[in-house]
Structure formats: structure tokens, C-alpha cells
Amino acid sequence: HGTITGVMGISRDITQRRQAEEALSNVNKKLNLLSSITRHDILNQLTALATYLDLSLDYTDNDTLRDFIGKEQKIAEIINREISFTRDYQDLGVRAPVWHHVNGTITSALRSLIPGNVKVIADVPGMEVFADALFEKVFFNLIDNALRYGGPNLSTVRFSAYNKGTALVITCEDDGTGIPPEEKKRIFEQGYGNHTGLGLFLSREILGITGITIAETGTFGAGARFEITVPEGMYRLSGRDRTE
């Protein structure tokens, strides 16, 4: 008759689990510190190496030696980029996922790029996505890729979204050259590509932490199209929009 006649409760001692979590957190902090110190030292040595390679070019007129030195410089640059990449990767999953306002995150990512005459449009109003703290890096990499490989006719990069069943699909479309069919899956592999081959690989890893997937579905010759599929429960409508 609507009267409470009793209450049943369950209590569980999670002391050991909390201790294990704290121990793991401390280990991760120490590993990240070691990685940071090691990376700093390697980059310092690479800077010195680059300086000596530049000086070596000034001390020889031998075309064969100059060619060798030029190749050594390119190798040193690749090592520098790959070591720098570990700065982003070591932070992957370290902090708990949070809600990101999509339009605001795209705008923030754009501040670190120079789009020139290319127009970048963020058209995902009021939508938030639950993702890793590095979520902004995903949009940075997508815009950066378009600017690098879109070709001379690239003029627009547009972000939009639509619902597909219970999922939300965020699209990134450009009017550039596009990606050949045989490369659509390989572009997400570690080390594949003309630059470092790490940007899209990192993007996939960042999204995967909260079950979000990414795929390239564009038509070669008509521009690239990336689809980010956000599962149910990992997105919400915030009822607000901001571009700051």
C-alpha cells in the first residue's frame, strides 16, 4: 500500500582495488616522467646533430658527400618528428574522458593551423561528445591532412553531423583531391603516409578509447570524406552552441 517495510543494502570493501589503481597511477606517472626526460635529451642531441650536418655541408664541395649529408638531414628530421610524436601518445588515456563541445573543439584546433585561403566550417551546433582529453587532436589532424594533401584546388573543409540509427556520425569533407581506394584503410596504420604517418593513427587511437570509430568514405577525385561514428551514450545535445 505504498508503505516501506524494509531496506536491503550491499556494501563492498574496495580498499585493495583502490590501492591497485593508485599503484598503477603512480607507475604511469613515473614512466611518463622518464619518457619526457628521455625525449628531451634525445631532441637536444638531434639539435646538435642537425647543426653539425649543416656545418658539414659548408666544408665540402663534393657532390657525393653533399648528397649523403642531405639524406642524413632528412633522416634526422624524421627521427625528430617521431620522437616529438611520443609527447602526444604518452598522454593518451592518462586523463579520464570528458564531454567536448564539437564546434568549440574544432575552432580551438584551427587556432594551431594556418589554413590560408581554405575555409574551415564547423557545422555541428550544440553537440557534445564524450571522448579522451586529446579529442581536439583528432580535428587538428583531419584539417592538417586536408591542407597538406588536398591539392591546389582545395578551398573548403566542412564538419557536419547526422544520425545513423542510434549513433551520431560526424563528417569531415573537403573538395580536394581525395584518397585512392587502395589507401583508404592503410592511412590509419602507424607509419603509413608521406609525412610522419602518425596523425591519423593517433586519431583512431584517441577515438577508440570511448568506442568511437573513424573511416574514410570519400570518392577519389572528388575530395576526402572522413566519418567519425559515435555510439549511443557517447554523445548528447547540450542545447547551446559556442565557437570561442
# chains A, B, ... in the order shown; residues from 1 in each chain; ligands from 1
>>> select_by_dssp(residues="region 112-226 of chain A", states="alpha helix (DSSP H)", output="list of chain:residue names")
A:Phe135, A:Glu136, A:Lys137, A:Val138, A:Phe139, A:Phe140, A:Asn141, A:Leu142, A:Ile143, A:Asp144, A:Asn145, A:Ala146, A:Leu147, A:Arg148, A:Tyr149, A:Gly199, A:Leu200, A:Phe201, A:Leu202, A:Ser203, A:Arg204, A:Glu205, A:Ile206, A:Leu207, A:Gly208
>>> residues_around(residues="Glu216 (chain A)", least_positions_apart="3", cutoff="7 Å", atoms="only C-alpha atoms", output="list of chain:residue names")
A:Lys184, A:Arg225, A:Phe226, A:Glu227
>>> write_last_selection(atoms="C-alpha atoms", output="compact mmCIF listing (two decimals), in the first residue's frame")
# COMPACT_ATOMS: atom_id res chain seq x y z
CA LYS A 184 41.56 4.18 -47.50
CA ARG A 225 35.40 12.35 -46.52
CA PHE A 226 36.04 11.07 -43.01
CA GLU A 227 33.19 9.65 -40.94
>>> residues_around(residues="region 219-221 of chain A", least_positions_apart="6", cutoff="12 Å", atoms="only C-alpha atoms", output="VMD selection string")
chain A and resid 150 to 151 153 to 154 173 to 184
>>> write_last_selection(atoms="N, CA, C and O atoms", output="PDB file, in the first residue's frame")
ATOM      1  N   GLY A 150      45.296  18.014 -49.843  1.00  0.00           N
ATOM      2  CA  GLY A 150      44.091  18.320 -50.622  1.00  0.00           C
ATOM      3  C   GLY A 150      44.363  18.790 -52.033  1.00  0.00           C
ATOM      4  O   GLY A 150      43.475  18.747 -52.882  1.00  0.00           O
ATOM      5  N   GLY A 151      45.571  19.246 -52.296  1.00  0.00           N
ATOM      6  CA  GLY A 151      45.912  19.709 -53.637  1.00  0.00           C
ATOM      7  C   GLY A 151      45.636  21.191 -53.833  1.00  0.00           C
ATOM      8  O   GLY A 151      45.052  21.858 -52.967  1.00  0.00           O
ATOM      9  N   ASN A 153      43.514  22.799 -55.614  1.00  0.00           N
ATOM     10  CA  ASN A 153      42.129  23.232 -55.776  1.00  0.00           C
ATOM     11  C   ASN A 153      41.320  23.190 -54.480  1.00  0.00           C
ATOM     12  O   ASN A 153      40.133  23.518 -54.470  1.00  0.00           O
ATOM     13  N   LEU A 154      41.956  22.793 -53.392  1.00  0.00           N
ATOM     14  CA  LEU A 154      41.255  22.730 -52.113  1.00  0.00           C
ATOM     15  C   LEU A 154      40.807  24.125 -51.685  1.00  0.00           C
ATOM     16  O   LEU A 154      41.604  25.056 -51.655  1.00  0.00           O
ATOM     17  N   GLU A 173      34.483  16.726 -44.570  1.00  0.00           N
ATOM     18  CA  GLU A 173      34.548  16.646 -46.024  1.00  0.00           C
ATOM     19  C   GLU A 173      35.342  17.816 -46.589  1.00  0.00           C
ATOM     20  O   GLU A 173      35.240  18.939 -46.097  1.00  0.00           O
ATOM     21  N   ASP A 174      36.134  17.543 -47.626  1.00  0.00           N
ATOM     22  CA  ASP A 174      36.830  18.624 -48.313  1.00  0.00           C
ATOM     23  C   ASP A 174      36.635  18.473 -49.816  1.00  0.00           C
ATOM     24  O   ASP A 174      36.173  17.436 -50.301  1.00  0.00           O
ATOM     25  N   ASP A 175      36.949  19.521 -50.562  1.00  0.00           N
ATOM     26  CA  ASP A 175      36.789  19.497 -52.010  1.00  0.00           C
ATOM     27  C   ASP A 175      38.130  19.371 -52.719  1.00  0.00           C
ATOM     28  O   ASP A 175      38.327  19.901 -53.812  1.00  0.00           O
ATOM     29  N   GLY A 176      39.052  18.667 -52.066  1.00  0.00           N
ATOM     30  CA  GLY A 176      40.377  18.477 -52.641  1.00  0.00           C
ATOM     31  C   GLY A 176      40.475  17.247 -53.535  1.00  0.00           C
ATOM     32  O   GLY A 176      39.489  16.808 -54.130  1.00  0.00           O
ATOM     33  N   THR A 177      41.663  16.687 -53.586  1.00  0.00           N
ATOM     34  CA  THR A 177      41.938  15.565 -54.478  1.00  0.00           C
ATOM     35  C   THR A 177      41.262  14.276 -54.043  1.00  0.00           C
ATOM     36  O   THR A 177      40.772  13.500 -54.858  1.00  0.00           O
ATOM     37  N   GLY A 178      41.227  14.021 -52.748  1.00  0.00           N
ATOM     38  CA  GLY A 178      40.666  12.766 -52.258  1.00  0.00           C
ATOM     39  C   GLY A 178      41.733  11.708 -52.043  1.00  0.00           C
ATOM     40  O   GLY A 178      42.923  11.945 -52.272  1.00  0.00           O
ATOM     41  N   ILE A 179      41.304  10.544 -51.616  1.00  0.00           N
ATOM     42  CA  ILE A 179      42.228   9.454 -51.273  1.00  0.00           C
ATOM     43  C   ILE A 179      41.946   8.235 -52.151  1.00  0.00           C
ATOM     44  O   ILE A 179      40.795   7.806 -52.249  1.00  0.00           O
ATOM     45  N   PRO A 180      42.965   7.671 -52.786  1.00  0.00           N
ATOM     46  CA  PRO A 180      42.782   6.497 -53.642  1.00  0.00           C
ATOM     47  C   PRO A 180      42.179   5.331 -52.861  1.00  0.00           C
ATOM     48  O   PRO A 180      42.464   5.170 -51.665  1.00  0.00           O
ATOM     49  N   PRO A 181      41.336   4.497 -53.497  1.00  0.00           N
ATOM     50  CA  PRO A 181      40.664   3.378 -52.812  1.00  0.00           C
ATOM     51  C   PRO A 181      41.612   2.444 -52.077  1.00  0.00           C
ATOM     52  O   PRO A 181      41.311   1.987 -50.974  1.00  0.00           O
ATOM     53  N   GLU A 182      42.780   2.186 -52.675  1.00  0.00           N
ATOM     54  CA  GLU A 182      43.717   1.239 -52.063  1.00  0.00           C
ATOM     55  C   GLU A 182      44.380   1.786 -50.804  1.00  0.00           C
ATOM     56  O   GLU A 182      45.010   1.041 -50.041  1.00  0.00           O
ATOM     57  N   GLU A 183      44.222   3.093 -50.544  1.00  0.00           N
ATOM     58  CA  GLU A 183      44.855   3.701 -49.375  1.00  0.00           C
ATOM     59  C   GLU A 183      43.875   3.979 -48.242  1.00  0.00           C
ATOM     60  O   GLU A 183      44.283   4.381 -47.154  1.00  0.00           O
ATOM     61  N   LYS A 184      42.581   3.785 -48.465  1.00  0.00           N
ATOM     62  CA  LYS A 184      41.564   4.180 -47.503  1.00  0.00           C
ATOM     63  C   LYS A 184      41.754   3.555 -46.120  1.00  0.00           C
ATOM     64  O   LYS A 184      41.517   4.193 -45.104  1.00  0.00           O
TER      65      LYS A 184
END
>>> closest_residue(among="A:Lys164, A:Lys137, A:His40, A:Arg148", to="Gly199 (chain A)", atoms="only C-alpha atoms")
A:Lys137
>>> select_by_dssp(residues="region 96-166 of chain A", states="strand (DSSP E or B)", output="number ranges by chain")
A: 98-101, 119-122, 127-131, 156-164
>>> residues_around(residues="Leu202 (chain A)", least_positions_apart="3", cutoff="8 Å", atoms="only C-alpha atoms", output="JSON, numbers by chain")
{"A": [89, 138, 198, 199, 205, 206]}
>>> write_last_selection(atoms="N, CA, C and O atoms", output="PDB file, in the first residue's frame")
ATOM      1  N   TYR A  89      51.391  10.805 -27.686  1.00  0.00           N
ATOM      2  CA  TYR A  89      50.951   9.435 -27.440  1.00  0.00           C
ATOM      3  C   TYR A  89      51.066   9.050 -25.962  1.00  0.00           C
ATOM      4  O   TYR A  89      50.264   8.262 -25.469  1.00  0.00           O
ATOM      5  N   VAL A 138      42.254  15.121 -32.822  1.00  0.00           N
ATOM      6  CA  VAL A 138      41.615  14.437 -33.956  1.00  0.00           C
ATOM      7  C   VAL A 138      41.258  15.453 -35.038  1.00  0.00           C
ATOM      8  O   VAL A 138      41.573  15.272 -36.218  1.00  0.00           O
ATOM      9  N   LEU A 198      51.648   9.311 -38.660  1.00  0.00           N
ATOM     10  CA  LEU A 198      51.237   9.075 -37.276  1.00  0.00           C
ATOM     11  C   LEU A 198      49.958   9.818 -36.890  1.00  0.00           C
ATOM     12  O   LEU A 198      49.284   9.442 -35.942  1.00  0.00           O
ATOM     13  N   GLY A 199      49.610  10.862 -37.629  1.00  0.00           N
ATOM     14  CA  GLY A 199      48.466  11.684 -37.274  1.00  0.00           C
ATOM     15  C   GLY A 199      47.147  10.943 -37.261  1.00  0.00           C
ATOM     16  O   GLY A 199      46.408  10.972 -36.269  1.00  0.00           O
ATOM     17  N   GLU A 205      43.339   6.000 -32.429  1.00  0.00           N
ATOM     18  CA  GLU A 205      43.580   5.527 -31.061  1.00  0.00           C
ATOM     19  C   GLU A 205      42.846   6.395 -30.037  1.00  0.00           C
ATOM     20  O   GLU A 205      42.279   5.877 -29.072  1.00  0.00           O
ATOM     21  N   ILE A 206      42.852   7.703 -30.241  1.00  0.00           N
ATOM     22  CA  ILE A 206      42.166   8.623 -29.327  1.00  0.00           C
ATOM     23  C   ILE A 206      40.670   8.322 -29.305  1.00  0.00           C
ATOM     24  O   ILE A 206      40.053   8.214 -28.243  1.00  0.00           O
TER      25      ILE A 206
END
>>> residues_around(residues="region 35-39 of chain A", least_positions_apart="3", cutoff="9 Å", atoms="only C-alpha atoms", output="list of chain:residue names")
A:Lys30, A:Leu31, A:Asn32, A:Ile42, A:Leu43, A:Asn44, A:Ile83, A:Ser84, A:Thr86, A:Arg87, A:Gln90
>>> closest_residue(among="A:Ile14, A:Ile170, A:Ile143, A:Leu46", to="Asn80 (chain A)", atoms="only C-alpha atoms")
A:Leu46
>>> residues_around(residues="Leu200 (chain A)", least_positions_apart="4", cutoff="10 Å", atoms="only C-alpha atoms", output="list in words")
Lys137, Val138, Asn141, Leu142, Asn145, Arg186, Ile187, Phe188, Glu189, Gln190, Gly191, Tyr192, Gly193, Thr196, Arg204, Glu205, Ile206 and Ile214 of chain A
>>> write_last_selection(atoms="N, CA and C atoms", output="short mmCIF file (atom, residue, chain, number, x, y, z; two decimals), in the first residue's frame")
data_model
loop_
_atom_site.label_atom_id
_atom_site.label_comp_id
_atom_site.auth_asym_id
_atom_site.auth_seq_id
_atom_site.Cartn_x
_atom_site.Cartn_y
_atom_site.Cartn_z
N LYS A 137 42.90 16.90 -30.82
CA LYS A 137 43.96 16.48 -31.73
C LYS A 137 43.39 15.77 -32.97
N VAL A 138 42.25 15.12 -32.82
CA VAL A 138 41.61 14.44 -33.96
C VAL A 138 41.26 15.45 -35.04
N ASN A 141 44.34 16.96 -36.72
CA ASN A 141 44.94 16.08 -37.72
C ASN A 141 44.12 16.02 -39.01
N LEU A 142 42.79 16.03 -38.89
CA LEU A 142 41.94 15.97 -40.08
C LEU A 142 42.09 17.24 -40.92
N ASN A 145 45.66 17.30 -42.42
CA ASN A 145 45.76 16.38 -43.55
C ASN A 145 45.16 16.98 -44.82
N ARG A 186 44.73 1.89 -45.19
CA ARG A 186 46.13 1.97 -44.80
C ARG A 186 46.51 3.31 -44.16
N ILE A 187 45.74 4.37 -44.47
CA ILE A 187 46.09 5.68 -43.93
C ILE A 187 46.00 5.74 -42.42
N PHE A 188 45.31 4.77 -41.81
CA PHE A 188 45.21 4.74 -40.34
C PHE A 188 46.28 3.85 -39.71
N GLU A 189 47.15 3.28 -40.53
CA GLU A 189 48.21 2.43 -39.99
C GLU A 189 49.37 3.29 -39.49
N GLN A 190 50.02 2.82 -38.46
CA GLN A 190 51.16 3.54 -37.90
C GLN A 190 52.30 3.59 -38.91
N GLY A 191 52.79 4.79 -39.20
CA GLY A 191 53.93 4.94 -40.09
C GLY A 191 53.60 5.04 -41.56
N TYR A 192 52.32 4.91 -41.95
CA TYR A 192 51.97 4.97 -43.36
C TYR A 192 51.67 6.41 -43.76
N GLY A 193 52.20 6.84 -44.89
CA GLY A 193 51.92 8.19 -45.36
C GLY A 193 53.17 8.90 -45.81
N THR A 196 54.68 11.97 -41.37
CA THR A 196 55.14 11.05 -40.32
C THR A 196 54.35 9.76 -40.33
N ARG A 204 42.76 7.67 -34.60
CA ARG A 204 41.98 6.43 -34.40
C ARG A 204 42.13 5.92 -32.98
N GLU A 205 43.34 6.00 -32.43
CA GLU A 205 43.58 5.53 -31.06
C GLU A 205 42.85 6.40 -30.04
N ILE A 206 42.85 7.70 -30.24
CA ILE A 206 42.17 8.62 -29.33
C ILE A 206 40.67 8.32 -29.30
N ILE A 214 36.49 5.64 -36.83
CA ILE A 214 36.69 6.59 -37.92
C ILE A 214 37.00 5.82 -39.20
#
>>> atom_distance(atom1="CA of Ile78 (chain A)", atom2="CA of Gln45 (chain A)")
14.1 Å
>>> closest_residue(among="A:Ser203, A:Thr166, A:Thr171, A:Gln73", to="Met234 (chain A)", atoms="only C-alpha atoms")
A:Thr166
